[in-house]
file input.txt (compact mmCIF, C-alpha atoms)
# COMPACT_ATOMS: atom_id res chain seq x y z
CA MET A 1 -31.98 56.18 -66.79
CA LEU A 2 -32.52 54.45 -70.11
CA GLY A 3 -29.64 52.67 -71.78
CA VAL A 4 -27.39 52.67 -68.73
CA GLU A 5 -26.31 49.20 -67.83
CA ILE A 6 -24.98 48.60 -64.37
CA MET A 7 -21.61 46.88 -64.70
CA LYS A 8 -21.40 43.58 -62.92
CA THR A 9 -18.45 43.05 -60.62
CA LEU A 10 -16.28 39.98 -60.19
CA THR A 11 -13.88 39.67 -57.27
CA ILE A 12 -11.08 37.14 -57.36
CA LEU A 13 -9.45 35.98 -54.14
CA LEU A 14 -5.94 34.66 -54.77
CA LEU A 15 -4.35 32.54 -52.07
CA GLY A 16 -1.57 30.87 -54.01
CA ALA A 17 1.96 32.08 -54.62
CA PRO A 18 3.30 32.28 -58.18
CA TYR A 19 5.14 29.42 -59.84
CA SER A 20 4.61 26.83 -57.10
CA SER A 21 1.09 26.34 -58.48
CA GLN A 22 -1.06 27.33 -61.46
CA TYR A 23 -3.47 29.39 -59.37
CA PRO A 24 -2.09 32.88 -60.01
CA GLU A 25 -2.15 32.17 -63.75
CA PHE A 26 -5.78 31.02 -63.53
CA ALA A 27 -6.68 34.13 -61.54
CA ILE A 28 -5.12 36.42 -64.13
CA LYS A 29 -6.66 34.63 -67.09
CA ILE A 30 -10.11 34.73 -65.52
CA ALA A 31 -9.61 38.42 -64.75
CA LYS A 32 -8.61 39.11 -68.37
CA CYS A 33 -11.68 37.37 -69.76
CA ALA A 34 -13.93 39.22 -67.36
CA LEU A 35 -12.37 42.59 -68.22
CA ASP A 36 -12.68 41.87 -71.94
CA ARG A 37 -16.36 41.13 -71.38
CA GLY A 38 -16.80 44.53 -69.78
CA TYR A 39 -17.10 43.48 -66.16
CA LYS A 40 -15.47 45.32 -63.29
CA VAL A 41 -12.74 43.17 -61.76
CA ASN A 42 -11.22 43.28 -58.29
CA MET A 43 -8.44 41.02 -57.12
CA PHE A 44 -7.40 40.50 -53.51
CA LEU A 45 -4.06 38.87 -52.78
CA TYR A 46 -4.24 36.96 -49.51
CA GLY A 47 -1.92 34.63 -47.62
CA ASP A 48 0.84 33.48 -49.96
CA GLY A 49 -1.00 35.24 -52.78
CA VAL A 50 0.75 38.46 -51.73
CA HIS A 51 3.95 37.15 -53.32
CA ALA A 52 2.31 37.52 -56.72
CA GLY A 53 2.91 41.27 -56.58
CA MET A 54 6.68 41.07 -56.30
CA LYS A 55 8.85 43.13 -58.62
CA ASN A 56 11.49 41.70 -60.93
CA GLN A 57 9.97 38.28 -61.45
CA SER A 58 11.94 36.39 -64.02
CA PRO A 59 10.58 32.89 -64.62
CA LYS A 60 12.59 30.97 -67.18
CA ALA A 61 9.71 28.95 -68.56
CA PHE A 62 6.49 29.89 -66.81
CA TYR A 63 3.88 32.55 -67.52
CA ASN A 64 5.12 35.80 -65.94
CA ILE A 65 2.72 36.64 -63.13
CA GLU A 66 4.12 40.14 -62.58
CA ASN A 67 3.40 41.03 -66.20
CA GLY A 68 -0.02 39.42 -65.97
CA LEU A 69 -0.97 41.57 -62.99
CA LYS A 70 0.32 44.71 -64.70
CA GLU A 71 -1.72 43.84 -67.76
CA ILE A 72 -5.00 43.40 -65.89
CA ALA A 73 -4.36 46.55 -63.86
CA GLN A 74 -3.88 48.42 -67.12
CA LYS A 75 -7.20 47.04 -68.33
CA GLY A 76 -8.87 48.43 -65.22
CA ALA A 77 -8.66 45.76 -62.52
CA THR A 78 -8.21 46.96 -58.94
CA ILE A 79 -5.63 44.85 -57.15
CA LEU A 80 -5.18 44.97 -53.38
CA SER A 81 -2.82 42.91 -51.26
CA CYS A 82 -3.51 42.05 -47.62
CA SER A 83 -1.43 44.27 -45.35
CA ARG A 84 -1.13 41.75 -42.52
CA CYS A 85 -0.02 38.96 -44.84
CA SER A 86 2.34 41.36 -46.65
CA ALA A 87 3.88 42.61 -43.42
CA ALA A 88 4.39 39.05 -42.17
CA ARG A 89 6.27 38.25 -45.36
CA GLY A 90 8.50 41.31 -45.16
CA TYR A 91 6.95 43.56 -47.79
CA VAL A 92 5.67 46.46 -45.71
CA GLU A 93 8.21 49.25 -45.27
CA GLY A 94 6.37 51.92 -43.33
CA GLU A 95 3.14 53.36 -42.03
CA PHE A 96 -0.05 53.57 -44.05
CA ASP A 97 0.05 56.46 -46.51
CA ASP A 98 -3.32 58.22 -46.25
CA LYS A 99 -2.83 60.19 -49.44
CA LEU A 100 -1.86 57.21 -51.59
CA GLN A 101 -4.13 54.84 -49.65
CA ARG A 102 -1.50 52.14 -49.43
CA TYR A 103 1.28 50.78 -47.27
CA PRO A 104 4.67 51.54 -48.82
CA SER A 105 6.80 48.82 -50.37
CA SER A 106 9.73 49.06 -52.73
CA LYS A 107 9.43 45.34 -53.43
CA ILE A 108 5.88 45.24 -54.76
CA ILE A 109 4.74 46.57 -58.13
CA ASP A 110 2.82 49.87 -58.09
CA GLU A 111 -0.21 48.24 -59.65
CA VAL A 112 -0.76 46.29 -56.42
CA ARG A 113 -1.82 48.32 -53.36
CA ILE A 114 -1.05 46.91 -49.93
CA PHE A 115 -4.23 47.52 -47.93
CA SER A 116 -6.12 46.14 -44.95
CA LEU A 117 -8.53 43.21 -45.13
CA TYR A 118 -11.38 45.73 -45.01
CA GLY A 119 -10.47 46.41 -48.61
CA PHE A 120 -11.58 42.86 -49.39
CA VAL A 121 -14.82 43.43 -47.48
CA ASP A 122 -15.45 46.51 -49.63
CA PHE A 123 -14.84 44.35 -52.71
CA ILE A 124 -17.34 41.80 -51.40
CA ARG A 125 -19.99 44.46 -50.88
CA GLU A 126 -19.86 45.56 -54.49
CA SER A 127 -19.48 42.09 -56.03
CA ASP A 128 -21.89 39.92 -57.93
CA ARG A 129 -19.60 36.90 -57.71
CA ILE A 130 -16.39 35.85 -55.99
CA ILE A 131 -14.01 33.17 -57.28
CA THR A 132 -11.32 31.75 -54.98
CA PHE A 133 -8.08 30.35 -56.37
CA GLY A 134 -5.41 28.57 -54.38
CA GLY A 135 -4.93 27.73 -50.75
CA VAL A 136 -2.75 24.61 -50.78
CA MET B 1 -31.10 43.64 -46.51
CA PRO B 2 -27.43 43.11 -45.73
CA LYS B 3 -25.30 41.26 -48.24
CA LYS B 4 -24.54 37.65 -47.40
CA LEU B 5 -21.10 36.07 -47.33
CA LEU B 6 -20.27 32.40 -46.94
CA VAL B 7 -16.79 31.43 -45.75
CA MET B 8 -16.01 27.77 -46.24
CA ILE B 9 -12.97 26.54 -44.32
CA ILE B 10 -11.60 23.18 -45.38
CA HIS B 11 -8.17 23.30 -43.71
CA PRO B 12 -7.47 22.58 -40.05
CA PRO B 13 -5.89 25.37 -37.95
CA TYR B 14 -2.22 25.76 -37.08
CA GLY B 15 -0.71 23.53 -39.77
CA HIS B 16 -1.64 26.14 -42.36
CA GLU B 17 -2.84 29.72 -41.99
CA ASN B 18 -6.01 29.13 -44.02
CA ALA B 19 -8.34 28.66 -41.05
CA PHE B 20 -7.08 31.89 -39.45
CA ALA B 21 -7.31 33.65 -42.78
CA GLY B 22 -10.91 32.52 -43.19
CA PHE B 23 -11.85 33.63 -39.69
CA PHE B 24 -10.28 37.04 -40.23
CA ILE B 25 -12.43 37.46 -43.32
CA ALA B 26 -15.53 36.41 -41.37
CA MET B 27 -14.79 38.86 -38.55
CA ALA B 28 -14.03 41.76 -40.88
CA SER B 29 -17.18 41.02 -42.83
CA LEU B 30 -19.36 40.81 -39.70
CA SER B 31 -17.92 44.02 -38.31
CA LYS B 32 -18.95 45.77 -41.54
CA GLY B 33 -22.50 44.52 -41.26
CA LEU B 34 -22.57 41.63 -43.71
CA ASP B 35 -24.64 38.57 -42.86
CA THR B 36 -21.82 36.03 -42.50
CA THR B 37 -21.92 32.25 -42.28
CA VAL B 38 -18.88 30.05 -41.76
CA ILE B 39 -18.90 26.41 -42.83
CA LEU B 40 -16.28 24.11 -41.35
CA ASN B 41 -15.86 21.26 -43.79
CA CYS B 42 -13.30 18.48 -44.28
CA GLY B 43 -10.25 19.19 -42.06
CA GLY B 44 -11.70 22.58 -41.12
CA VAL B 45 -13.87 20.88 -38.48
CA PHE B 46 -10.87 20.79 -36.13
CA THR B 47 -11.28 24.56 -35.79
CA ALA B 48 -14.39 23.93 -33.67
CA VAL B 49 -12.67 21.86 -30.98
CA LYS B 50 -12.88 23.56 -27.56
CA GLY B 51 -10.13 23.81 -24.98
CA GLN B 52 -7.37 24.71 -27.44
CA LYS B 53 -4.49 25.78 -25.20
CA GLU B 54 -2.82 29.03 -26.00
CA SER B 55 0.65 29.28 -24.58
CA GLU B 56 3.93 30.91 -25.46
CA CYS B 57 5.78 27.67 -25.10
CA LEU B 58 3.51 25.84 -27.51
CA LEU B 59 3.41 26.93 -31.12
CA SER B 60 3.62 30.69 -30.67
CA LEU B 61 0.34 30.97 -32.53
CA PRO B 62 -2.75 32.69 -31.16
CA SER B 63 -5.65 30.39 -30.39
CA ILE B 64 -8.31 30.25 -33.04
CA GLU B 65 -10.88 29.34 -30.38
CA LYS B 66 -11.16 32.96 -29.18
CA GLN B 67 -11.77 34.08 -32.76
CA LEU B 68 -14.50 31.49 -33.13
CA GLU B 69 -16.21 32.81 -30.00
CA ASP B 70 -15.90 36.37 -31.30
CA ILE B 71 -17.55 35.38 -34.57
CA VAL B 72 -20.46 33.79 -32.73
CA GLU B 73 -20.76 36.85 -30.50
CA LEU B 74 -20.86 39.15 -33.53
CA GLY B 75 -23.77 37.17 -34.90
CA GLY B 76 -22.03 34.86 -37.32
CA ARG B 77 -23.23 31.29 -37.70
CA ILE B 78 -20.69 28.50 -37.66
CA LEU B 79 -21.84 25.25 -39.26
CA VAL B 80 -19.88 22.03 -38.84
CA ASP B 81 -20.23 19.29 -41.44
CA ASP B 82 -21.16 16.28 -39.31
CA THR B 83 -19.75 13.74 -41.76
CA SER B 84 -16.33 15.36 -41.72
CA ALA B 85 -16.45 15.56 -37.93
CA GLU B 86 -17.52 11.95 -37.45
CA MET B 87 -14.83 10.65 -39.74
CA ARG B 88 -12.25 12.46 -37.63
CA GLY B 89 -13.73 11.39 -34.31
CA ILE B 90 -14.89 14.86 -33.38
CA ARG B 91 -18.07 14.76 -31.33
CA ARG B 92 -20.42 17.59 -30.39
CA GLU B 93 -19.13 17.47 -26.81
CA ASP B 94 -15.59 18.09 -28.09
CA CYS B 95 -16.72 21.32 -29.71
CA ASN B 96 -17.51 24.87 -28.77
CA PRO B 97 -21.24 25.10 -27.90
CA GLY B 98 -21.62 28.06 -30.27
CA VAL B 99 -21.23 25.89 -33.39
CA GLU B 100 -24.01 23.97 -35.11
CA PHE B 101 -23.54 20.42 -36.38
CA VAL B 102 -25.33 20.02 -39.70
CA SER B 103 -26.06 17.15 -42.04
CA ALA B 104 -24.92 17.15 -45.68
CA GLU B 105 -28.47 18.00 -46.70
CA GLU B 106 -28.58 20.97 -44.32
CA LEU B 107 -25.17 22.07 -45.61
CA MET B 108 -26.50 22.04 -49.14
CA LYS B 109 -29.46 24.21 -48.10
CA ALA B 110 -27.10 26.60 -46.31
CA ILE B 111 -24.92 26.94 -49.41
CA LYS B 112 -28.04 27.64 -51.47
CA GLU B 113 -29.24 30.27 -49.06
CA TYR B 114 -25.98 32.00 -48.12
CA GLY B 115 -23.62 31.11 -50.97
CA GLU B 116 -24.26 33.88 -53.51
CA LEU B 117 -20.88 35.25 -52.45
CA MET B 118 -18.54 32.58 -51.24
CA VAL B 119 -14.88 32.14 -50.41
CA THR B 120 -13.11 28.84 -49.78
CA LEU B 121 -9.90 28.45 -47.80
CA MET C 1 -34.54 26.10 -59.46
CA SER C 2 -31.08 27.60 -59.45
CA ARG C 3 -27.69 26.96 -61.01
CA ASN C 4 -24.54 25.92 -59.18
CA ILE C 5 -21.12 25.71 -60.73
CA LEU C 6 -18.02 24.10 -59.32
CA ILE C 7 -14.50 25.05 -60.37
CA LEU C 8 -12.47 21.96 -59.55
CA THR C 9 -8.69 22.34 -59.56
CA LYS C 10 -7.62 19.65 -57.10
CA PRO C 11 -6.68 16.17 -58.25
CA PRO C 12 -8.98 13.27 -57.30
CA TYR C 13 -7.86 10.73 -54.66
CA GLY C 14 -5.11 12.98 -53.26
CA CYS C 15 -7.53 14.51 -50.77
CA GLU C 16 -11.19 14.22 -49.87
CA GLU C 17 -12.34 17.60 -51.19
CA PRO C 18 -13.10 16.68 -54.82
CA GLU C 19 -15.27 13.75 -53.74
CA LYS C 20 -17.12 15.85 -51.18
CA ALA C 21 -17.64 18.63 -53.70
CA MET C 22 -19.00 16.21 -56.29
CA LYS C 23 -21.37 14.66 -53.76
CA MET C 24 -22.60 18.16 -52.92
CA ILE C 25 -23.18 18.73 -56.64
CA LEU C 26 -25.34 15.59 -56.72
CA ARG C 27 -27.33 16.92 -53.77
CA PHE C 28 -28.00 20.15 -55.63
CA MET C 29 -29.26 18.11 -58.57
CA ASP C 30 -31.53 16.04 -56.33
CA ASP C 31 -32.90 19.35 -55.06
CA GLY C 32 -33.87 20.24 -58.62
CA ASP C 33 -30.94 22.50 -59.52
CA ASP C 34 -28.77 22.78 -62.61
CA VAL C 35 -25.08 22.16 -62.20
CA ALA C 36 -21.85 22.46 -64.15
CA ILE C 37 -18.36 21.36 -63.22
CA TYR C 38 -15.37 23.13 -64.72
CA LEU C 39 -12.20 21.07 -64.49
CA LEU C 40 -9.02 23.07 -64.42
CA GLY C 41 -5.37 22.37 -63.56
CA ASP C 42 -4.90 19.07 -61.75
CA GLY C 43 -8.68 18.72 -61.59
CA VAL C 44 -8.60 17.42 -65.17
CA GLU C 45 -7.21 14.13 -63.81
CA LEU C 46 -10.83 13.34 -62.96
CA THR C 47 -11.50 12.85 -66.67
CA LYS C 48 -9.32 9.76 -66.89
CA SER C 49 -11.08 6.62 -68.10
CA SER C 50 -10.59 3.20 -66.47
CA GLN C 51 -10.48 4.52 -62.92
CA LYS C 52 -10.66 1.73 -60.33
CA GLY C 53 -11.51 4.37 -57.75
CA ASP C 54 -15.13 5.60 -57.55
CA LEU C 55 -14.73 9.16 -58.72
CA GLY C 56 -14.89 8.46 -62.46
CA LYS C 57 -18.24 6.74 -61.91
CA LEU C 58 -19.38 9.64 -59.75
CA LEU C 59 -18.56 12.05 -62.58
CA GLU C 60 -20.48 9.89 -65.04
CA GLU C 61 -23.44 9.77 -62.66
CA ILE C 62 -23.49 13.56 -62.51
CA ALA C 63 -23.36 13.72 -66.32
CA ASP C 64 -26.11 11.07 -66.69
CA LYS C 65 -28.39 13.14 -64.49
CA GLY C 66 -27.86 16.17 -66.70
CA GLY C 67 -24.86 17.85 -65.11
CA GLU C 68 -22.51 19.63 -67.51
CA ILE C 69 -18.86 18.63 -67.30
CA TYR C 70 -16.30 20.88 -68.97
CA SER C 71 -12.57 20.40 -68.95
CA SER C 72 -9.65 22.61 -69.91
CA ASP C 73 -8.27 21.25 -73.15
CA GLU C 74 -4.90 22.91 -72.53
CA ASP C 75 -4.48 21.26 -69.12
CA MET C 76 -5.53 17.90 -70.53
CA GLN C 77 -3.18 18.04 -73.49
CA ALA C 78 -0.32 18.98 -71.15
CA ARG C 79 -1.03 15.88 -69.07
CA GLY C 80 -1.39 13.51 -72.04
CA LEU C 81 -5.14 13.13 -71.51
CA TYR C 82 -6.97 12.74 -74.80
CA GLY C 83 -8.59 10.16 -77.05
CA ASP C 84 -9.66 6.94 -75.34
CA ARG C 85 -7.78 7.89 -72.19
CA ILE C 86 -10.69 10.07 -71.14
CA LEU C 87 -14.33 9.59 -70.17
CA ASN C 88 -16.96 10.30 -72.82
CA CYS C 89 -19.06 12.54 -70.59
CA VAL C 90 -16.45 15.30 -70.62
CA LYS C 91 -16.75 18.29 -72.95
CA LEU C 92 -13.38 19.74 -73.84
CA ARG C 93 -13.04 23.49 -73.91
CA SER C 94 -10.19 25.42 -75.46
CA ASN C 95 -11.12 28.72 -73.83
CA ILE C 96 -12.47 27.53 -70.53
CA PHE C 97 -11.77 30.81 -68.72
CA LYS C 98 -14.15 32.68 -70.97
CA GLU C 99 -16.83 30.05 -70.36
CA ILE C 100 -16.33 30.17 -66.61
CA VAL C 101 -16.69 33.94 -66.62
CA ASP C 102 -19.84 33.85 -68.76
CA ASP C 103 -21.40 31.18 -66.59
CA ALA C 104 -20.39 32.70 -63.24
CA MET C 105 -21.53 36.18 -64.13
CA GLU C 106 -24.61 35.56 -66.27
CA ARG C 107 -26.11 32.19 -65.43
CA ALA C 108 -24.90 30.67 -62.18
CA ASP C 109 -26.36 31.57 -58.80
CA ARG C 110 -23.37 30.20 -56.93
CA VAL C 111 -19.72 29.45 -57.65
CA LEU C 112 -18.04 26.78 -55.56
CA SER C 113 -14.27 26.31 -55.60
CA CYS C 114 -12.36 23.18 -54.87

call {"tool": "encode", "arguments": {"input": "input.txt", "output": "structure tokens"}}
result
Amino acid sequence: MLGVEIMKTLTILLLGAPYSSQYPEFAIKIAKCALDRGYKVNMFLYGDGVHAGMKNQSPKAFYNIENGLKEIAQKGATILSCSRCSAARGYVEGEFDDKLQRYPSSKIIDEVRIFSLYGFVDFIRESDRIITFGGV
Amino acid sequence: MPKKLLVMIIHPPYGHENAFAGFFIAMASLSKGLDTTVILNCGGVFTAVKGQKESECLLSLPSIEKQLEDIVELGGRILVDDTSAEMRGIRREDCNPGVEFVSAEELMKAIKEYGELMVTL
Amino acid sequence: MSRNILILTKPPYGCEEPEKAMKMILRFMDDGDDVAIYLLGDGVELTKSSQKGDLGKLLEEIADKGGEIYSSDEDMQARGLYGDRILNCVKLRSNIFKEIVDDAMERADRVLSC
């Protein structure tokens, strides 16, 4: 098909929790640049990275990670959060919802879907590059 | 040709969850048919030590050794950076026979061959 | 010949990873590859001049051999790193995220993180 460009895909793996380090901010800023350039962007929250999806974040001086995630989701990024890590940290509130394809949580923003690690493997399969941020 | 994934683990197990987290990724990736290589670098080399005792009265953490064996069984390669190991006093005989000790040069070649998609924990 | 980029966010001397990553970068260069290092967050501490430790020299060696060294201007300004406090081989970038994305997606064959 002439004139059809296959969109490249970037996946970002975020291991760091917001505010204790700069990593979530880096992840969001990279995601924004990639989306503005027309790439497809996936983000997987893993380990302490799952905290990034919490509702009602109110940092007094830092860049608001909750707003950052909402912004990139609005621009088209797909954001999944590891179900095992989320459950361990108290975010999962019920069984997997087949229709919505997510685990329920009243504490996590809607733009982040709690999903199994296989979601990350699916991201990997469609990615051209992966960038990891965080991890102590 | 299956897609390749490289998982580089630089943290030792138990003190932080990173090593477990990396192994979970490797196992999920292998079970979905991706060609998966794990590199144990820096403190991550401790993951390869054999005879890790799993017990309820210890740390209440599952042993990572079983996961390592599962990864090898599923066809994943586990490469141990020999410099990192030596520095820490870890010898081949201390490690699971399923892992491969590699030189820095060999590690570089492995990253070039398998590192198109890479995660670091 | 291929291209390898390293996104370095960890401070030098605090742990062994930055040194190991930089030595790996040198190995890629010896193998005939192109390399670039993007310094971000605490990784910008590597740009400090007058280091008694070896890592400043290692960075200069990478640059002398043709490696590209970019550093986040924002992170450097925040840490008081500018002027003669920094090594000459470093190229400051005010929108480093855009550059990382362009490089990772269009030019580099591999992206290493440290």

call {"tool": "residues_near_point", "arguments": {"input": "input.txt", "point": "(-9.7, 21.7, -45.6)", "cutoff": "8 Å", "atoms": "only C-alpha atoms", "output": "list in words"}}
result
Ile9, Ile10, His11, Pro12, Asn41, Cys42, Gly43, Gly44 and Leu121 of chain B; Glu17 of chain C

call {"tool": "closest_atom_pairs", "arguments": {"input": "input.txt", "of": "range 60-127 of chain A", "to": "range 116-120 of chain B", "cutoff": "10 Å", "atoms": "only C-alpha atoms", "output": "JSON lines"}}
result
{"residue": "A:Ile124", "atom": "CA", "partner": "B:Leu117", "partner_atom": "CA", "distance": 7.5}
{"residue": "A:Arg125", "atom": "CA", "partner": "B:Leu117", "partner_atom": "CA", "distance": 9.4}
{"residue": "A:Ser127", "atom": "CA", "partner": "B:Leu117", "partner_atom": "CA", "distance": 7.8}

call {"tool": "residues_around", "arguments": {"input": "input.txt", "residues": "Ala85 in chain B", "least_positions_apart": "3", "cutoff": "10 Å", "atoms": "only C-alpha atoms", "output": "PyMOL selection string"}}
result
chain B and resi 40-46+48+80-82+88-92+101

call {"tool": "residues_around", "arguments": {"input": "input.txt", "residues": "Phe96 in chain A", "least_positions_apart": "3", "cutoff": "10 Å", "atoms": "all atoms listed in the file", "output": "list in words"}}
result
Ser83, Val92, Glu93, Lys99, Leu100, Gln101, Arg102, Tyr103, Pro104, Ile114, Phe115 and Ser116 of chain A

call {"tool": "closest_residue", "arguments": {"input": "input.txt", "among": "C:Glu16, C:Val44, C:Met1, C:Val90", "to": "chain B", "atoms": "all atoms listed in the file"}}
result
C:Glu16

call {"tool": "interface_residues", "arguments": {"input": "input.txt", "of": "chain C", "to": "chain B", "cutoff": "7 Å", "atoms": "only C-alpha atoms", "output": "PyMOL selection string"}}
result
chain C and resi 24+27-28+109-110+113

call {"tool": "atom_distance", "arguments": {"input": "input.txt", "atom1": "CA of Pro13 in chain B", "atom2": "CA of Ser105 in chain A"}}
result
29.4 Å
